[in-house]
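Everything below belongs to my_file_1.tsv, which stores TSV, C-alpha atoms.
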```tsv
chain	number	residue	atom	x	y	z
A	154	MET	CA	-4.06	-26.33	-14.93
A	155	LYS	CA	-7.30	-26.82	-12.96
A	156	ILE	CA	-7.12	-30.58	-13.57
A	157	PHE	CA	-3.52	-30.65	-12.34
A	158	ARG	CA	-4.48	-28.75	-9.17
A	159	LYS	CA	-7.29	-31.23	-8.49
A	160	LEU	CA	-4.70	-34.00	-8.58
A	161	LEU	CA	-2.99	-32.22	-5.68
A	162	PHE	CA	-6.03	-32.72	-3.44
A	163	PRO	CA	-4.17	-35.08	-1.01
A	164	PHE	CA	-1.70	-32.25	-0.34
A	165	SER	CA	-4.63	-29.93	0.45
A	166	ILE	CA	-5.72	-32.38	3.13
A	167	LEU	CA	-2.24	-32.26	4.62
A	168	TYR	CA	-2.25	-28.46	4.37
A	169	TYR	CA	-5.62	-28.40	6.13
A	170	LEU	CA	-4.31	-30.47	9.03
A	171	VAL	CA	-1.21	-28.31	9.45
A	172	THR	CA	-3.09	-25.00	9.38
A	173	ARG	CA	-5.90	-26.33	11.57
A	174	ILE	CA	-3.44	-27.53	14.22
A	175	ARG	CA	-1.48	-24.28	14.03
A	176	ASN	CA	-4.62	-22.16	14.53
A	177	PHE	CA	-5.77	-24.45	17.37
A	178	PHE	CA	-2.46	-23.91	19.19
A	179	TYR	CA	-2.75	-20.12	18.80
A	180	ASN	CA	-6.42	-20.07	19.80
A	181	LYS	CA	-5.65	-22.07	22.95
A	182	GLY	CA	-2.62	-19.96	23.83
A	183	ILE	CA	-0.15	-22.83	23.40
A	184	LEU	CA	1.54	-20.71	20.75
A	185	LYS	CA	1.69	-17.08	21.86
A	186	SER	CA	0.40	-14.02	20.01
A	187	GLN	CA	1.96	-10.70	20.97
A	188	SER	CA	-0.48	-7.91	21.73
A	189	TYR	CA	0.40	-4.21	21.94
A	190	LYS	CA	-0.67	-1.14	23.88
A	191	LYS	CA	-1.41	0.72	20.65
A	192	PRO	CA	-3.90	-0.30	17.96
A	193	ILE	CA	-2.69	-2.65	15.24
A	194	ILE	CA	-5.13	-2.79	12.32
A	195	VAL	CA	-4.58	-5.88	10.19
A	196	ILE	CA	-5.59	-5.85	6.52
A	197	GLY	CA	-5.60	-9.38	5.13
A	198	ASN	CA	-7.47	-12.15	3.37
A	199	LEU	CA	-7.98	-15.89	3.25
A	200	ASN	CA	-7.34	-16.22	-0.49
A	201	THR	CA	-3.92	-15.70	-2.04
A	202	GLY	CA	-3.65	-12.30	-3.70
A	203	GLY	CA	-5.96	-10.19	-5.78
A	204	THR	CA	-8.45	-9.09	-3.11
A	205	GLY	CA	-7.53	-5.38	-3.13
A	206	LYS	CA	-5.44	-5.03	0.03
A	207	SER	CA	-3.37	-2.15	-1.36
A	208	PRO	CA	-6.36	0.08	-2.28
A	209	MET	CA	-7.92	-0.68	1.10
A	210	THR	CA	-4.69	0.23	2.90
A	211	LEU	CA	-4.49	3.49	0.95
A	212	LEU	CA	-8.13	4.24	1.82
A	213	LEU	CA	-7.42	3.69	5.51
A	214	ILE	CA	-4.33	5.90	5.38
A	215	GLU	CA	-6.36	8.66	3.74
A	216	ALA	CA	-9.11	8.40	6.35
A	217	LEU	CA	-6.85	8.21	9.41
A	218	HIS	CA	-3.66	10.17	8.81
A	219	SER	CA	-5.13	13.63	9.48
A	220	MET	CA	-6.35	12.57	12.95
A	221	TRP	CA	-3.82	9.97	14.08
A	222	LYS	CA	-0.13	9.39	13.55
A	223	VAL	CA	-0.25	6.40	11.22
A	224	ALA	CA	2.43	3.97	10.07
A	225	VAL	CA	2.26	1.07	7.63
A	226	LEU	CA	4.21	-2.15	8.08
A	227	SER	CA	4.49	-4.76	5.32
A	228	ARG	CA	6.76	-7.72	4.70
A	229	GLY	CA	7.82	-6.25	1.34
A	230	TYR	CA	6.90	-9.21	-0.84
A	231	LYS	CA	9.61	-10.26	-3.36
A	232	ARG	CA	12.10	-7.62	-2.29
A	233	LYS	CA	15.77	-8.46	-2.65
A	234	THR	CA	16.73	-7.10	0.77
A	235	ARG	CA	16.29	-8.47	4.27
A	236	GLY	CA	15.57	-7.13	7.71
A	237	PHE	CA	13.82	-3.95	8.76
A	238	ILE	CA	13.81	-1.01	6.36
A	239	GLU	CA	11.95	2.25	6.80
A	240	LEU	CA	11.23	3.60	3.35
A	241	THR	CA	12.26	6.86	1.78
A	242	LYS	CA	11.07	8.19	-1.55
A	243	LYS	CA	14.45	7.22	-3.01
A	244	HIS	CA	13.99	3.49	-2.47
A	245	GLN	CA	13.28	1.23	-5.42
A	246	ALA	CA	10.69	-1.54	-5.62
A	247	ASP	CA	13.24	-4.36	-5.66
A	248	GLU	CA	14.60	-3.05	-2.34
A	249	VAL	CA	11.33	-2.69	-0.46
A	250	GLY	CA	8.51	-4.20	-2.55
A	251	ASP	CA	6.15	-2.51	-4.98
A	252	GLU	CA	3.17	-2.04	-2.66
A	253	PRO	CA	5.08	-0.44	0.27
A	254	LEU	CA	6.76	1.91	-2.21
A	255	GLN	CA	3.33	2.81	-3.57
A	256	PHE	CA	2.16	3.67	-0.03
A	257	LYS	CA	5.24	5.82	0.60
A	258	LEU	CA	5.05	7.76	-2.65
A	259	ASN	CA	1.35	8.47	-2.13
A	260	TYR	CA	1.85	9.52	1.49
A	261	PRO	CA	5.51	10.57	1.89
A	262	ASP	CA	4.97	12.06	5.36
A	263	ILE	CA	3.90	8.84	7.08
A	264	PRO	CA	6.31	6.08	8.16
A	265	VAL	CA	6.20	3.03	5.88
A	266	ALA	CA	8.42	0.08	6.71
A	267	VAL	CA	9.06	-3.49	5.61
A	268	CYS	CA	10.08	-6.38	7.84
A	269	ALA	CA	9.39	-10.11	7.59
A	270	ASN	CA	9.43	-10.28	11.39
A	271	ARG	CA	6.29	-8.27	12.06
A	272	ASN	CA	6.81	-8.18	15.83
A	273	TYR	CA	10.25	-6.66	15.41
A	274	GLY	CA	8.92	-4.23	12.82
A	275	ILE	CA	6.17	-3.11	15.17
A	276	THR	CA	8.65	-2.46	17.99
A	277	LYS	CA	10.70	-0.26	15.64
A	278	LEU	CA	7.66	1.85	14.71
A	279	ILE	CA	5.32	1.84	17.66
A	280	ASN	CA	6.93	4.67	19.66
A	281	LYS	CA	6.73	7.00	16.65
A	282	VAL	CA	3.03	6.62	15.91
A	283	GLU	CA	-0.45	6.11	17.34
A	284	VAL	CA	-1.70	3.35	15.05
A	285	ILE	CA	-0.03	0.80	12.76
A	286	LEU	CA	-1.63	-0.64	9.64
A	287	LEU	CA	-0.34	-4.16	9.19
A	288	ASP	CA	-0.53	-5.08	5.53
A	289	ASP	CA	-1.26	-8.69	4.52
A	290	ALA	CA	-0.85	-10.20	7.99
A	291	PHE	CA	-4.07	-12.03	8.85
A	292	GLN	CA	-2.24	-15.37	8.94
A	293	HIS	CA	0.66	-13.87	10.91
A	294	ARG	CA	-0.60	-15.18	14.24
A	295	LYS	CA	2.51	-14.11	16.15
A	296	VAL	CA	0.94	-10.65	16.18
A	297	LYS	CA	-2.44	-10.17	17.81
A	298	GLY	CA	-4.11	-7.47	15.77
A	299	SER	CA	-6.44	-5.19	17.68
A	300	TYR	CA	-8.78	-5.02	14.66
A	301	ASN	CA	-8.78	-7.48	11.75
A	302	ILE	CA	-10.17	-6.52	8.33
A	303	VAL	CA	-10.54	-9.50	6.00
A	304	LEU	CA	-11.08	-8.92	2.28
A	305	THR	CA	-12.64	-11.30	-0.21
A	306	SER	CA	-13.31	-10.63	-3.90
A	307	TYR	CA	-16.84	-10.58	-5.29
A	308	GLY	CA	-15.87	-12.92	-8.14
A	309	ASP	CA	-13.73	-15.18	-5.97
A	310	LEU	CA	-15.31	-15.48	-2.53
A	311	PHE	CA	-13.39	-17.45	0.08
A	312	THR	CA	-16.61	-19.39	0.70
A	313	ASP	CA	-16.37	-20.88	-2.80
A	314	ASP	CA	-12.64	-21.62	-2.68
A	315	PHE	CA	-10.55	-24.53	-1.46
A	316	LEU	CA	-7.26	-24.86	0.35
A	317	LEU	CA	-3.89	-24.71	-1.35
A	318	PRO	CA	-2.64	-26.25	-3.55
A	319	THR	CA	-6.00	-27.40	-5.01
A	320	GLY	CA	-7.52	-23.96	-4.43
A	321	ASN	CA	-6.20	-20.59	-3.27
A	322	LEU	CA	-7.09	-20.53	0.43
A	323	ARG	CA	-4.24	-19.91	2.85
A	324	GLU	CA	-6.21	-21.45	5.71
A	325	PRO	CA	-9.61	-23.13	6.23
A	326	ARG	CA	-12.73	-21.02	5.75
A	327	LYS	CA	-13.39	-21.11	9.49
A	328	GLY	CA	-10.42	-18.77	9.88
A	329	ALA	CA	-12.82	-15.99	8.89
A	330	SER	CA	-14.29	-16.20	12.40
A	331	ARG	CA	-11.23	-14.26	13.68
A	332	ALA	CA	-12.16	-11.22	11.58
A	333	ASP	CA	-13.66	-8.07	13.11
A	334	CYS	CA	-15.22	-7.24	9.76
A	335	ILE	CA	-15.27	-8.69	6.26
A	336	VAL	CA	-15.20	-6.54	3.13
A	337	VAL	CA	-16.36	-7.94	-0.20
A	338	THR	CA	-14.24	-6.12	-2.79
A	339	LYS	CA	-14.46	-5.53	-6.55
A	340	CYS	CA	-18.27	-5.68	-6.60
A	341	PRO	CA	-20.30	-4.41	-9.56
A	342	THR	CA	-21.29	-0.81	-8.91
A	343	GLN	CA	-24.94	-1.74	-9.43
A	344	ILE	CA	-24.93	-4.85	-7.27
A	345	LEU	CA	-28.42	-6.13	-6.51
A	346	ASP	CA	-29.78	-6.36	-2.96
A	347	GLU	CA	-30.57	-10.03	-3.58
A	348	ASP	CA	-26.95	-10.62	-4.55
A	349	ILE	CA	-25.79	-8.94	-1.35
A	350	LYS	CA	-28.15	-11.12	0.68
A	351	GLN	CA	-26.87	-14.32	-0.94
A	352	ILE	CA	-23.24	-13.39	-0.35
A	353	LYS	CA	-23.91	-12.53	3.28
A	354	ASN	CA	-25.65	-15.88	3.77
A	355	LYS	CA	-22.58	-17.67	2.39
A	356	ILE	CA	-20.18	-15.71	4.59
A	357	ASN	CA	-22.32	-16.03	7.72
A	358	LYS	CA	-21.72	-19.79	7.71
A	359	TYR	CA	-18.18	-19.00	8.87
A	360	TYR	CA	-18.41	-15.50	10.32
A	361	SER	CA	-21.20	-13.73	12.21
A	362	GLY	CA	-20.13	-10.08	12.12
A	363	GLU	CA	-20.60	-7.14	9.76
A	364	VAL	CA	-20.06	-7.56	6.01
A	365	TYR	CA	-19.33	-4.53	3.82
A	366	PHE	CA	-19.35	-4.20	0.04
A	367	THR	CA	-16.94	-2.13	-2.05
A	368	SER	CA	-16.12	-1.56	-5.68
A	369	ILE	CA	-13.17	-0.27	-7.71
A	370	ALA	CA	-13.16	3.30	-8.99
A	371	TYR	CA	-10.72	4.19	-11.76
A	372	SER	CA	-9.23	7.62	-12.13
A	373	ASN	CA	-10.02	9.70	-15.22
A	374	ILE	CA	-6.37	10.82	-15.18
A	375	ILE	CA	-3.35	8.74	-16.15
A	376	TYR	CA	0.00	9.61	-14.56
A	377	GLY	CA	3.58	9.44	-15.81
A	378	ASP	CA	6.91	10.82	-14.67
A	379	LYS	CA	6.02	14.36	-13.53
A	380	LYS	CA	3.11	14.55	-15.96
A	381	LYS	CA	-0.51	13.58	-16.23
A	382	ARG	CA	-3.09	13.36	-18.98
A	383	SER	CA	-6.79	12.70	-19.36
A	384	ILE	CA	-7.67	9.08	-20.00
A	385	GLU	CA	-9.49	10.41	-23.05
A	386	VAL	CA	-6.15	10.48	-24.92
A	387	LEU	CA	-6.31	6.67	-25.05
A	388	LYS	CA	-9.39	6.78	-27.26
A	389	ASN	CA	-7.36	8.10	-30.17
A	390	LYS	CA	-4.49	5.64	-30.17
A	391	SER	CA	-3.44	2.02	-29.92
A	392	PHE	CA	-1.40	1.26	-26.81
A	393	THR	CA	0.16	-1.55	-24.81
A	394	LEU	CA	-1.35	-2.57	-21.48
A	395	VAL	CA	1.19	-4.12	-19.09
A	396	THR	CA	-0.07	-5.94	-15.99
A	397	GLY	CA	1.76	-7.94	-13.36
A	398	ILE	CA	-1.09	-8.23	-10.85
A	399	ALA	CA	-3.03	-11.22	-9.56
A	400	LYS	CA	-6.33	-10.46	-11.25
A	401	PRO	CA	-6.32	-7.92	-14.09
A	402	GLU	CA	-9.85	-8.81	-15.25
A	403	PRO	CA	-11.61	-5.74	-13.71
A	404	LEU	CA	-9.11	-3.41	-15.40
A	405	ILE	CA	-9.52	-5.21	-18.72
A	406	GLN	CA	-13.30	-4.96	-18.45
A	407	TYR	CA	-13.06	-1.26	-17.64
A	408	LEU	CA	-10.83	-0.52	-20.63
A	409	ASN	CA	-13.03	-2.64	-22.89
A	410	ASN	CA	-16.11	-0.73	-21.75
A	411	LEU	CA	-14.36	2.46	-22.86
A	412	GLY	CA	-13.90	0.90	-26.30
A	413	LEU	CA	-10.12	1.25	-26.21
A	414	ASN	CA	-7.72	-0.44	-28.61
A	415	TYR	CA	-4.76	-2.09	-26.89
A	416	ASN	CA	-2.43	-5.07	-26.77
A	417	HIS	CA	-2.30	-6.73	-23.37
A	418	LEU	CA	1.00	-8.08	-22.02
A	419	GLU	CA	0.09	-10.09	-18.93
A	420	TYR	CA	2.67	-11.19	-16.35
A	421	PRO	CA	2.33	-12.96	-12.97
A	422	ASP	CA	1.63	-11.00	-9.79
A	423	HIS	CA	4.66	-8.98	-8.56
A	424	HIS	CA	6.55	-10.08	-11.68
A	425	PRO	CA	10.27	-9.16	-11.59
A	426	PHE	CA	10.80	-7.85	-15.11
A	427	THR	CA	13.93	-9.19	-16.79
A	428	ASP	CA	16.37	-7.06	-18.77
A	429	LYS	CA	15.11	-8.73	-21.96
A	430	GLU	CA	11.50	-7.86	-21.12
A	431	ILE	CA	12.49	-4.27	-20.38
A	432	ARG	CA	14.22	-4.01	-23.76
A	433	GLU	CA	11.09	-5.35	-25.44
A	434	LEU	CA	8.90	-2.86	-23.61
A	435	GLN	CA	11.17	-0.03	-24.79
A	436	HIS	CA	9.78	-0.67	-28.28
A	437	ALA	CA	6.14	-1.15	-27.22
A	438	GLY	CA	5.09	2.43	-27.94
A	439	PHE	CA	2.54	4.04	-25.63
A	440	ILE	CA	2.34	1.97	-22.40
A	441	LEU	CA	-0.36	1.94	-19.75
A	442	THR	CA	0.09	-0.05	-16.55
A	443	THR	CA	-1.22	-0.30	-12.99
A	444	GLU	CA	0.19	1.86	-10.21
A	445	LYS	CA	1.68	-1.19	-8.51
A	446	ASP	CA	3.43	-2.29	-11.72
A	447	TYR	CA	4.61	1.27	-12.28
A	448	MET	CA	6.59	1.03	-9.03
A	449	ARG	CA	8.64	-1.84	-10.48
A	450	LEU	CA	9.07	-0.32	-13.93
A	451	LYS	CA	9.55	3.42	-13.38
A	452	ASP	CA	13.30	3.26	-12.68
A	453	ARG	CA	14.04	0.86	-15.52
A	454	LEU	CA	11.81	1.81	-18.42
A	455	GLU	CA	12.90	4.91	-20.33
A	456	SER	CA	9.88	6.15	-22.21
A	457	GLU	CA	8.05	9.46	-22.45
A	458	GLU	CA	4.83	7.57	-23.18
A	459	PHE	CA	4.64	5.49	-20.01
A	460	TYR	CA	1.68	5.99	-17.68
A	461	TYR	CA	-0.27	4.29	-14.91
A	462	LEU	CA	-3.97	4.35	-14.09
A	463	PRO	CA	-4.72	4.78	-10.36
A	464	ILE	CA	-7.60	3.00	-8.67
A	465	LYS	CA	-9.30	3.42	-5.33
A	466	THR	CA	-11.73	1.48	-3.16
A	467	VAL	CA	-15.22	2.94	-2.82
A	468	PHE	CA	-17.94	1.68	-0.50
A	469	LEU	CA	-21.26	0.86	-2.13
A	470	LYS	CA	-23.08	1.09	1.20
A	471	GLN	CA	-22.33	1.70	4.89
A	472	GLU	CA	-19.09	3.64	4.41
A	473	GLU	CA	-19.92	5.92	7.34
A	474	GLU	CA	-20.69	2.91	9.53
A	475	PHE	CA	-17.40	1.22	8.56
A	476	PHE	CA	-15.24	4.21	9.47
A	477	LYS	CA	-17.26	4.98	12.59
A	478	THR	CA	-16.41	1.48	13.81
A	479	ILE	CA	-12.72	2.02	13.03
A	480	PHE	CA	-12.65	5.44	14.71
A	481	THR	CA	-14.43	4.12	17.80
A	482	HIS	CA	-11.90	1.32	18.04
A	483	LEU	CA	-8.97	3.74	17.84
A	484	GLN	CA	-10.50	6.05	20.43
A	485	THR	CA	-10.51	3.25	23.01
A	486	TYR	CA	-6.70	3.49	23.02
A	487	GLN	CA	-6.60	7.21	23.86
```
In structure tokens, write the structure found in this file.
Amino acid sequence: MKIFRKLLFPFSILYYLVTRIRNFFYNKGILKSQSYKKPIIVIGNLNTGGTGKSPMTLLLIEALHSMWKVAVLSRGYKRKTRGFIELTKKHQADEVGDEPLQFKLNYPDIPVAVCANRNYGITKLINKVEVILLDDAFQHRKVKGSYNIVLTSYGDLFTDDFLLPTGNLREPRKGASRADCIVVTKCPTQILDEDIKQIKNKINKYYSGEVYFTSIAYSNIIYGDKKKRSIEVLKNKSFTLVTGIAKPEPLIQYLNNLGLNYNHLEYPDHHPFTDKEIRELQHAGFILTTEKDYMRLKDRLESEEFYYLPIKTVFLKQEEEFFKTIFTHLQTYQ
């Protein structure tokens, strides 16, 4: 697969020219970006998928929603519907997307909406709230975010990647210069200071601002339909792990470190499970999945032994500084 992608290098050159010209037109004001009178916090990345945007969005909701009226707007990736939809708890993942549904079920009292036209979506929400979190929209230059958070994974830094289709970059590395901060996600919990220094040096070739470092924390509770159990129950049984996420490696490493015995069924990111696959999973016994995958499976898989393992983003350093910067930014709009 890697050899095949290298053969596509000429198309990456073309992709580079197109994205470079597009960004030049936006930077010069030839193409217009819409700004708003209320803060629009963009959570995005340069790489395609797997950087931890959903956990970061949930962390921001948790930090902000008690002090500001917060809404989340997403495009609703791979949903079967079109147009603007404001979510209710009764929506299904194929109608609104798995990640927006995850946001809504975790925080049912805040507005969560999907709309491919982000400007239109913002106009539908902006009079109801004080701040909008714009999920996965760093390349959506039609909207001028008031604060741009760019994520990049520890094991897959944008500085070491290449443009599509040879690599996984959505735009040239220099696009990082538009960020207000960069967060390196999925770091080892015991990351060395020297490692941090080297990563910052790499990133600072393209971006001169603050760089933060976070890791993944897994819950010690697994959740099912109206029930929850200690993760310790997994130590006494063989189970099936089902993942349809971009990069399941951290989860696999975590489960392996616990010494658990499981069979891993791996599917592509946001995988739309077929009826045949659902029937096969019905006979898979005890199933553990991610919270995002649970959103797509919970209304189709009938099993009393079906659980998901939540995760959250945790800062390794400078958490107080990160949120102080966000809070100060929001206060400028009051």
Per-residue nearest contacts segment 390-461 of chain A to segment 257-270 of chain A, cut-off 12 Å, using all atoms listed in the file, as JSON lines:
```
{"residue": "A:Glu444", "atom": "CA", "partner": "A:Asn259", "partner_atom": "CA", "distance": 10.5}
{"residue": "A:Lys445", "atom": "CA", "partner": "A:Leu258", "partner_atom": "CA", "distance": 11.2}
{"residue": "A:Tyr447", "atom": "CA", "partner": "A:Leu258", "partner_atom": "CA", "distance": 11.6}
{"residue": "A:Met448", "atom": "CA", "partner": "A:Leu258", "partner_atom": "CA", "distance": 9.4}
```
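Atom CA of Lys358 of chain A is found 21.7 Å from atom CA of Arg175 of chain A.
For the pair atom CA of Arg232 of chain A and atom CA of Pro318 of chain A, the interatomic distance is 23.8 Å.
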Within 12 Å of Leu278 of chain A, counting all atoms listed in the file, which residues qualify if same-chain residues fewer than 2 places away don't, as number ranges by chain? A: 189, 191, 193, 222-227, 237-239, 263-268, 271-276, 280-287
Test item: which residues lie within 12 Å of (-3.8, -6.6, -25.2) counting only C-alpha atoms, as a PDB file with C-alpha atoms, keeping the file's coordinate frame:
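out.pdb written:
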```pdb
ATOM      1  CA  SER A 391      -3.440   2.020 -29.920  1.00  0.00           C
ATOM      2  CA  PHE A 392      -1.400   1.260 -26.810  1.00  0.00           C
ATOM      3  CA  THR A 393       0.160  -1.550 -24.810  1.00  0.00           C
ATOM      4  CA  LEU A 394      -1.350  -2.570 -21.480  1.00  0.00           C
ATOM      5  CA  VAL A 395       1.190  -4.120 -19.090  1.00  0.00           C
ATOM      6  CA  THR A 396      -0.070  -5.940 -15.990  1.00  0.00           C
ATOM      7  CA  PRO A 401      -6.320  -7.920 -14.090  1.00  0.00           C
ATOM      8  CA  GLU A 402      -9.850  -8.810 -15.250  1.00  0.00           C
ATOM      9  CA  LEU A 404      -9.110  -3.410 -15.400  1.00  0.00           C
ATOM     10  CA  ILE A 405      -9.520  -5.210 -18.720  1.00  0.00           C
ATOM     11  CA  GLN A 406     -13.300  -4.960 -18.450  1.00  0.00           C
ATOM     12  CA  LEU A 408     -10.830  -0.520 -20.630  1.00  0.00           C
ATOM     13  CA  ASN A 409     -13.030  -2.640 -22.890  1.00  0.00           C
ATOM     14  CA  LEU A 413     -10.120   1.250 -26.210  1.00  0.00           C
ATOM     15  CA  ASN A 414      -7.720  -0.440 -28.610  1.00  0.00           C
ATOM     16  CA  TYR A 415      -4.760  -2.090 -26.890  1.00  0.00           C
ATOM     17  CA  ASN A 416      -2.430  -5.070 -26.770  1.00  0.00           C
ATOM     18  CA  HIS A 417      -2.300  -6.730 -23.370  1.00  0.00           C
ATOM     19  CA  LEU A 418       1.000  -8.080 -22.020  1.00  0.00           C
ATOM     20  CA  GLU A 419       0.090 -10.090 -18.930  1.00  0.00           C
ATOM     21  CA  TYR A 420       2.670 -11.190 -16.350  1.00  0.00           C
ATOM     22  CA  ALA A 437       6.140  -1.150 -27.220  1.00  0.00           C
ATOM     23  CA  ILE A 440       2.340   1.970 -22.400  1.00  0.00           C
ATOM     24  CA  LEU A 441      -0.360   1.940 -19.750  1.00  0.00           C
ATOM     25  CA  THR A 442       0.090  -0.050 -16.550  1.00  0.00           C
TER      26      THR A 442
END
```
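All residues of protein, DNA or RNA that reach within 7 Å of segment 310-314 of chain A, judged by all atoms listed in the file and not counting those fewer than 6 positions away in the chain, are Leu199, Asn200, Gly320, Asn321, Leu322, Arg326, Lys355 and Ile356 of chain A.
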Could the residues in this selection be saved with C-alpha atoms as an mmCIF file, in the coordinates of the input?
```cif
data_model
loop_
_atom_site.group_PDB
_atom_site.id
_atom_site.type_symbol
_atom_site.label_atom_id
_atom_site.label_comp_id
_atom_site.auth_asym_id
_atom_site.auth_seq_id
_atom_site.Cartn_x
_atom_site.Cartn_y
_atom_site.Cartn_z
ATOM 1 C CA LEU A 199 -7.980 -15.890 3.250
ATOM 2 C CA ASN A 200 -7.340 -16.220 -0.490
ATOM 3 C CA GLY A 320 -7.520 -23.960 -4.430
ATOM 4 C CA ASN A 321 -6.200 -20.590 -3.270
ATOM 5 C CA LEU A 322 -7.090 -20.530 0.430
ATOM 6 C CA ARG A 326 -12.730 -21.020 5.750
ATOM 7 C CA LYS A 355 -22.580 -17.670 2.390
ATOM 8 C CA ILE A 356 -20.180 -15.710 4.590
#
```
Tell me which residues come within 8 Å of (7.9, 1.3, -23.4), as number ranges by chain, counting all atoms listed in the file in the file's coordinates. A: 431, 433-440, 454-456, 458-459
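Candidate residues A:Ser207, A:Gln471, A:Thr367, A:Thr172 were compared for distance to Ser306 of chain A, and the nearest is A:Thr367, using only C-alpha atoms.
For the pair atom CA of Ile335 of chain A and atom CA of Asn410 of chain A, the interatomic distance is 29.1 Å.
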Env of Arg158 of chain A: 12 Å cut, atoms = only C-alpha atoms, seq-sep filter 3 positions within chain, self excluded. Answer as a PDB file with C-alpha atoms, in the coordinates of the input.
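Here's the written file around-v3.pdb:
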```pdb
ATOM      1  CA  MET A 154      -4.060 -26.330 -14.930  1.00  0.00           C
ATOM      2  CA  LYS A 155      -7.300 -26.820 -12.960  1.00  0.00           C
ATOM      3  CA  LEU A 161      -2.990 -32.220  -5.680  1.00  0.00           C
ATOM      4  CA  PHE A 162      -6.030 -32.720  -3.440  1.00  0.00           C
ATOM      5  CA  PRO A 163      -4.170 -35.080  -1.010  1.00  0.00           C
ATOM      6  CA  PHE A 164      -1.700 -32.250  -0.340  1.00  0.00           C
ATOM      7  CA  SER A 165      -4.630 -29.930   0.450  1.00  0.00           C
ATOM      8  CA  PHE A 315     -10.550 -24.530  -1.460  1.00  0.00           C
ATOM      9  CA  LEU A 316      -7.260 -24.860   0.350  1.00  0.00           C
ATOM     10  CA  LEU A 317      -3.890 -24.710  -1.350  1.00  0.00           C
ATOM     11  CA  PRO A 318      -2.640 -26.250  -3.550  1.00  0.00           C
ATOM     12  CA  THR A 319      -6.000 -27.400  -5.010  1.00  0.00           C
ATOM     13  CA  GLY A 320      -7.520 -23.960  -4.430  1.00  0.00           C
ATOM     14  CA  ASN A 321      -6.200 -20.590  -3.270  1.00  0.00           C
TER      15      ASN A 321
END
```
Which residues are close to Ile194 of chain A, i.e. within 10 Å by all atoms listed in the file, leaving aside same-chain residues fewer than 5 positions away? Reply as a ChimeraX atom specification. /A:210,213,225,284-288,290-291,297-302,479,482-483
Which neighbours of segment 181-186 of chain A fall inside 6 Å, counting only C-alpha atoms, when residues of the same chain fewer than 5 positions from it are skipped, and could you give them as a VMD selection string? chain A and resid 294 to 297
Nearest residue to Arg228 of chain A from the set A:His293, A:His424, A:Arg173, A:Lys277 (distances using only C-alpha atoms): A:His293
Atoms are missing here; could segment 423-434 of chain A be completed with N, CA and C atoms and written as a short mmCIF file (atom, residue, chain, number, x, y, z; two decimals), in the coordinates of the input?
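As a result, out.cif now contains:
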```cif
data_model
loop_
_atom_site.label_atom_id
_atom_site.label_comp_id
_atom_site.auth_asym_id
_atom_site.auth_seq_id
_atom_site.Cartn_x
_atom_site.Cartn_y
_atom_site.Cartn_z
N HIS A 423 3.36 -9.43 -9.06
CA HIS A 423 4.66 -8.98 -8.56
C HIS A 423 5.81 -9.41 -9.48
N HIS A 424 5.55 -9.55 -10.75
CA HIS A 424 6.55 -10.08 -11.68
C HIS A 424 7.83 -9.24 -11.68
N PRO A 425 8.99 -9.88 -11.49
CA PRO A 425 10.27 -9.16 -11.59
C PRO A 425 10.71 -9.09 -13.06
N PHE A 426 10.53 -7.97 -13.69
CA PHE A 426 10.80 -7.85 -15.11
C PHE A 426 12.28 -8.06 -15.41
N THR A 427 12.56 -8.91 -16.41
CA THR A 427 13.93 -9.19 -16.79
C THR A 427 14.45 -8.08 -17.69
N ASP A 428 15.77 -8.04 -17.87
CA ASP A 428 16.37 -7.06 -18.77
C ASP A 428 15.84 -7.22 -20.19
N LYS A 429 15.64 -8.48 -20.61
CA LYS A 429 15.11 -8.73 -21.96
C LYS A 429 13.70 -8.17 -22.09
N GLU A 430 12.87 -8.37 -21.08
CA GLU A 430 11.50 -7.86 -21.12
C GLU A 430 11.49 -6.33 -21.14
N ILE A 431 12.40 -5.73 -20.39
CA ILE A 431 12.49 -4.27 -20.38
C ILE A 431 12.86 -3.76 -21.76
N ARG A 432 13.81 -4.43 -22.41
CA ARG A 432 14.22 -4.01 -23.76
C ARG A 432 13.05 -4.13 -24.73
N GLU A 433 12.25 -5.18 -24.57
CA GLU A 433 11.09 -5.35 -25.44
C GLU A 433 10.05 -4.26 -25.20
N LEU A 434 9.88 -3.89 -23.93
CA LEU A 434 8.90 -2.86 -23.61
C LEU A 434 9.34 -1.49 -24.13
#
```
